[in-house]
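**Q** work-v4.cif is the file, holding mmCIF, C-alpha atoms:
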```cif
data_query
loop_
_atom_site.label_atom_id
_atom_site.label_comp_id
_atom_site.auth_asym_id
_atom_site.auth_seq_id
_atom_site.Cartn_x
_atom_site.Cartn_y
_atom_site.Cartn_z
CA GLY A 18 2.65 72.00 12.72
CA GLY A 19 -0.44 72.62 14.75
CA GLU A 20 -3.96 71.46 15.44
CA ASP A 21 -5.04 74.75 13.83
CA GLY A 22 -3.53 73.71 10.47
CA LYS A 23 -0.70 76.25 10.65
CA VAL A 24 2.96 75.55 9.97
CA LYS A 25 5.33 77.89 11.81
CA LEU A 26 9.08 78.30 12.13
CA TRP A 27 10.90 79.47 15.25
CA ASN A 28 14.41 80.72 15.88
CA VAL A 29 15.96 78.21 18.29
CA ASP A 30 18.28 80.83 19.83
CA SER A 31 15.64 83.44 20.64
CA GLY A 32 12.58 81.20 20.90
CA PHE A 33 10.59 83.62 18.74
CA GLY A 34 8.49 82.57 15.77
CA TYR A 35 9.55 84.25 12.56
CA VAL A 36 7.25 82.86 9.88
CA THR A 37 3.80 81.29 9.56
CA PHE A 38 3.25 79.75 6.15
CA SER A 39 0.15 80.76 4.26
CA PRO A 40 -2.36 79.53 3.36
CA PRO A 41 -2.68 77.12 6.29
CA HIS A 42 -4.00 73.59 6.07
CA THR A 43 -7.76 73.35 6.67
CA ALA A 44 -7.36 70.55 9.25
CA PRO A 45 -4.71 69.53 11.82
CA VAL A 46 -1.12 69.00 10.68
CA THR A 47 -0.11 65.35 11.15
CA GLY A 48 3.51 65.32 10.01
CA LEU A 49 6.51 67.37 8.98
CA ALA A 50 9.66 66.43 7.06
CA PHE A 51 12.55 68.30 5.50
CA ALA A 52 13.05 67.43 1.82
CA SER A 53 16.24 69.52 1.83
CA GLN A 54 17.71 72.51 3.64
CA LYS A 55 15.40 74.67 1.53
CA VAL A 56 12.14 72.68 1.55
CA LEU A 57 9.81 71.71 4.41
CA LEU A 58 6.86 69.36 3.79
CA SER A 59 3.70 69.26 5.90
CA ALA A 60 0.94 66.61 5.88
CA SER A 61 -2.58 67.15 7.15
CA LEU A 62 -5.91 65.51 7.78
CA ASP A 63 -7.22 67.88 5.06
CA GLY A 64 -5.79 65.38 2.55
CA THR A 65 -2.84 67.45 1.35
CA ILE A 66 0.91 67.50 1.62
CA ARG A 67 2.25 71.03 1.15
CA ALA A 68 5.78 72.01 0.16
CA HIS A 69 7.15 75.19 1.72
CA ASP A 70 10.15 77.15 0.39
CA LEU A 71 12.45 77.96 3.33
CA VAL A 72 14.24 80.73 1.40
CA ARG A 73 11.26 82.75 0.14
CA TYR A 74 8.90 81.57 2.95
CA LYS A 75 6.22 80.62 0.44
CA GLN A 76 4.22 77.50 -0.24
CA PHE A 77 5.12 76.28 -3.74
CA ARG A 78 3.35 72.95 -4.22
CA ILE A 79 0.29 71.09 -2.93
CA LEU A 80 0.23 67.31 -3.33
CA THR A 81 -3.27 65.79 -3.35
CA THR A 82 -4.95 62.43 -3.82
CA PRO A 83 -7.51 61.71 -6.57
CA THR A 84 -10.30 61.42 -3.99
CA PRO A 85 -10.29 63.20 -0.62
CA THR A 86 -8.63 61.18 2.14
CA GLN A 87 -6.92 62.03 5.41
CA ILE A 88 -3.11 61.88 5.36
CA HIS A 89 -1.72 60.71 8.68
CA CYS A 90 2.04 60.58 8.01
CA LEU A 91 4.67 61.38 5.42
CA ALA A 92 8.27 60.66 4.50
CA VAL A 93 10.68 61.85 1.84
CA ASP A 94 13.51 59.88 0.26
CA SER A 95 17.16 60.88 0.63
CA SER A 96 17.18 62.68 -2.75
CA GLY A 97 14.30 64.91 -1.63
CA GLU A 98 12.41 64.03 -4.80
CA MET A 99 10.05 61.20 -3.80
CA VAL A 100 7.37 62.02 -1.23
CA VAL A 101 5.05 59.43 0.33
CA GLY A 102 1.91 59.90 2.40
CA GLY A 103 0.03 57.29 4.41
CA THR A 104 -3.75 57.46 4.68
CA HIS A 105 -5.78 57.38 7.86
CA ASP A 106 -9.28 57.70 6.43
CA GLY A 107 -11.54 54.71 6.98
CA SER A 108 -14.02 55.61 4.24
CA SER A 109 -12.61 52.87 2.03
CA SER A 110 -11.49 49.32 2.73
CA ASN A 111 -7.91 50.17 1.74
CA PHE A 112 -5.44 52.32 3.61
CA ASP A 113 -3.17 53.38 0.79
CA ILE A 114 0.26 54.96 0.56
CA PHE A 115 0.54 57.59 -2.16
CA VAL A 116 3.88 58.24 -3.87
CA TRP A 117 4.45 61.65 -5.50
CA SER A 118 7.21 63.39 -7.40
CA LEU A 119 7.95 66.63 -5.56
CA GLN A 120 9.28 68.15 -8.78
CA THR A 121 6.13 67.56 -10.85
CA GLY A 122 3.51 67.14 -8.11
CA LYS A 123 2.16 64.05 -9.88
CA ILE A 124 1.31 60.72 -8.30
CA LEU A 125 3.88 58.10 -9.29
CA ASP A 126 2.29 55.10 -7.56
CA VAL A 127 -0.33 54.02 -5.05
CA LEU A 128 0.70 51.23 -2.67
CA SER A 129 -2.12 49.09 -1.29
CA GLY A 130 -1.93 46.31 1.25
CA HIS A 131 -2.65 47.64 4.72
CA THR A 132 -6.07 46.98 6.25
CA GLY A 133 -5.76 49.65 8.96
CA PRO A 134 -4.56 53.25 9.11
CA VAL A 135 -0.95 53.83 8.08
CA ALA A 136 0.72 55.27 11.19
CA GLY A 137 4.32 55.71 10.08
CA LEU A 138 6.56 55.78 7.03
CA ALA A 139 10.35 55.71 6.68
CA PHE A 140 12.80 55.32 3.81
CA HIS A 141 15.96 53.23 4.05
CA PRO A 142 18.91 55.69 3.92
CA SER A 143 20.16 54.27 0.62
CA GLY A 144 16.76 54.96 -0.97
CA GLY A 145 14.19 52.87 -2.77
CA ILE A 146 13.02 50.76 0.18
CA LEU A 147 10.07 52.15 2.12
CA ALA A 148 8.84 50.79 5.46
CA SER A 149 5.22 51.39 6.46
CA ALA A 150 3.71 50.83 9.91
CA SER A 151 0.01 50.27 10.44
CA TRP A 152 -2.68 49.75 13.02
CA ASP A 153 -3.32 46.44 11.19
CA GLU A 154 -0.47 44.93 13.28
CA SER A 155 2.09 44.91 10.48
CA VAL A 156 5.12 46.60 9.01
CA GLN A 157 5.41 46.32 5.26
CA LEU A 158 8.55 46.81 3.17
CA TRP A 159 8.14 48.16 -0.36
CA ASP A 160 10.78 48.34 -3.10
CA LEU A 161 9.65 51.45 -4.96
CA TYR A 162 11.98 50.84 -7.90
CA LYS A 163 10.46 47.46 -8.79
CA ARG A 164 7.70 47.53 -11.37
CA ASP A 165 5.37 45.10 -9.59
CA SER A 166 5.02 47.09 -6.32
CA SER A 167 5.35 43.84 -4.36
CA ASN A 168 5.98 44.07 -0.65
CA GLU A 169 7.18 42.04 2.30
CA LYS A 170 4.87 41.89 5.31
CA LEU A 171 6.23 41.64 8.87
CA ALA A 172 3.51 40.63 11.33
CA HIS A 173 3.29 42.01 14.86
CA THR A 174 0.99 41.14 17.76
CA SER A 175 -0.36 44.66 18.25
CA PRO A 176 -0.86 47.85 16.20
CA VAL A 177 2.40 49.40 15.01
CA VAL A 178 2.22 53.13 15.65
CA ALA A 179 5.77 54.34 14.89
CA LEU A 180 8.91 53.47 12.94
#
```
What does this structure look like when you write it as structure tokens?
**A**
Amino acid sequence: GGEDGKVKLWNVDSGFGYVTFSPPHTAPVTGLAFASQKVLLSASLDGTIRAHDLVRYKQFRILTTPTPTQIHCLAVDSSGEMVVGGTHDGSSSNFDIFVWSLQTGKILDVLSGHTGPVAGLAFHPSGGILASASWDESVQLWDLYKRDSSNEKLAHTSPVVAL
């Protein structure tokens, strides 16, 4: 994923690029994640997460938020079905985490609680528990299968920039 918004694949043996997905993002790519051996996801500051088919080399889904916001990071659960994106845009007082179904493209939930940009996201390998890192000096743990979207906050003494 590049600053130019393009997502490219290279052959590791030859070092040559063999596909550039189209259309490209309209802003820099901020994250990549494999949903399966056949699906690559890309997040961008253009406010989208795009799903790319690694068999047909085509984009097949664009995940968006209700209002434009920059997406700084993404993660996908172990089933490859639940996709999350953390926001970086300071135009609102909340820095939300959006949860989508990759199959339907619909938003399943919006997690609010960070007061700074969300810098990293990671699922527990067994699924359901999401960790989010933020510039607000915290890591928050979310149980996505609970109905109340409650979370546990782990305080740090400086911005958390990676998980």
**Q** Apply the PyMOL selection byres ((chain A and resi 154) around 8) to the file shown and report the selected residues as a CSV table (one decimal) with C-alpha atoms, in the frame of the given file.
**A**
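Listing of expr.csv after writing:
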```csv
chain,number,residue,atom,x,y,z
A,150,ALA,CA,3.7,50.8,9.9
A,151,SER,CA,0.0,50.3,10.4
A,152,TRP,CA,-2.7,49.8,13.0
A,153,ASP,CA,-3.3,46.4,11.2
A,155,SER,CA,2.1,44.9,10.5
A,156,VAL,CA,5.1,46.6,9.0
A,172,ALA,CA,3.5,40.6,11.3
A,173,HIS,CA,3.3,42.0,14.9
A,174,THR,CA,1.0,41.1,17.8
A,175,SER,CA,-0.4,44.7,18.2
A,176,PRO,CA,-0.9,47.8,16.2
A,177,VAL,CA,2.4,49.4,15.0
```
**Q** Once the PyMOL selection byres ((chain A and resi 127-130) around 6) has been applied to the shown file, what residues remain in the selection, as number ranges by chain?
**A** A: 113-115, 126, 131
**Q** May I have the residues within 10 Å of stretch 102-104 of chain A as a ChimeraX atom specification, using all atoms listed in the file and disregarding those fewer than 6 positions away in the same chain?
**A** /A:48,60-62,64-66,80-82,86-93,111-117,127-128,131,133-138,149-151
**Q** Need to verify the contact set: stretch 52-56 of chain A, 7 Å, only C-alpha atoms, exclusion of same-chain residues closer than 2 positions in sequence. Can you return it as a ChimeraX atom specification?
**A** /A:50,58,68-72,93,97
**Q** Would you translate the PyMOL selection byres ((chain A and resi 21-36) around 8) into the concrete set of residues it matches in this file, as a list of chain:residue names?
**A**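 Taken over the shown coordinates, the PyMOL selection byres ((chain A and resi 21-36) around 8) returns A:Gly18, A:Gly19, A:Glu20, A:Thr37, A:Phe38, A:Ser39, A:Pro41, A:His42, A:Thr43, A:Ala44, A:Pro45, A:Val46, A:Ser59, A:Ser61, A:Tyr74.
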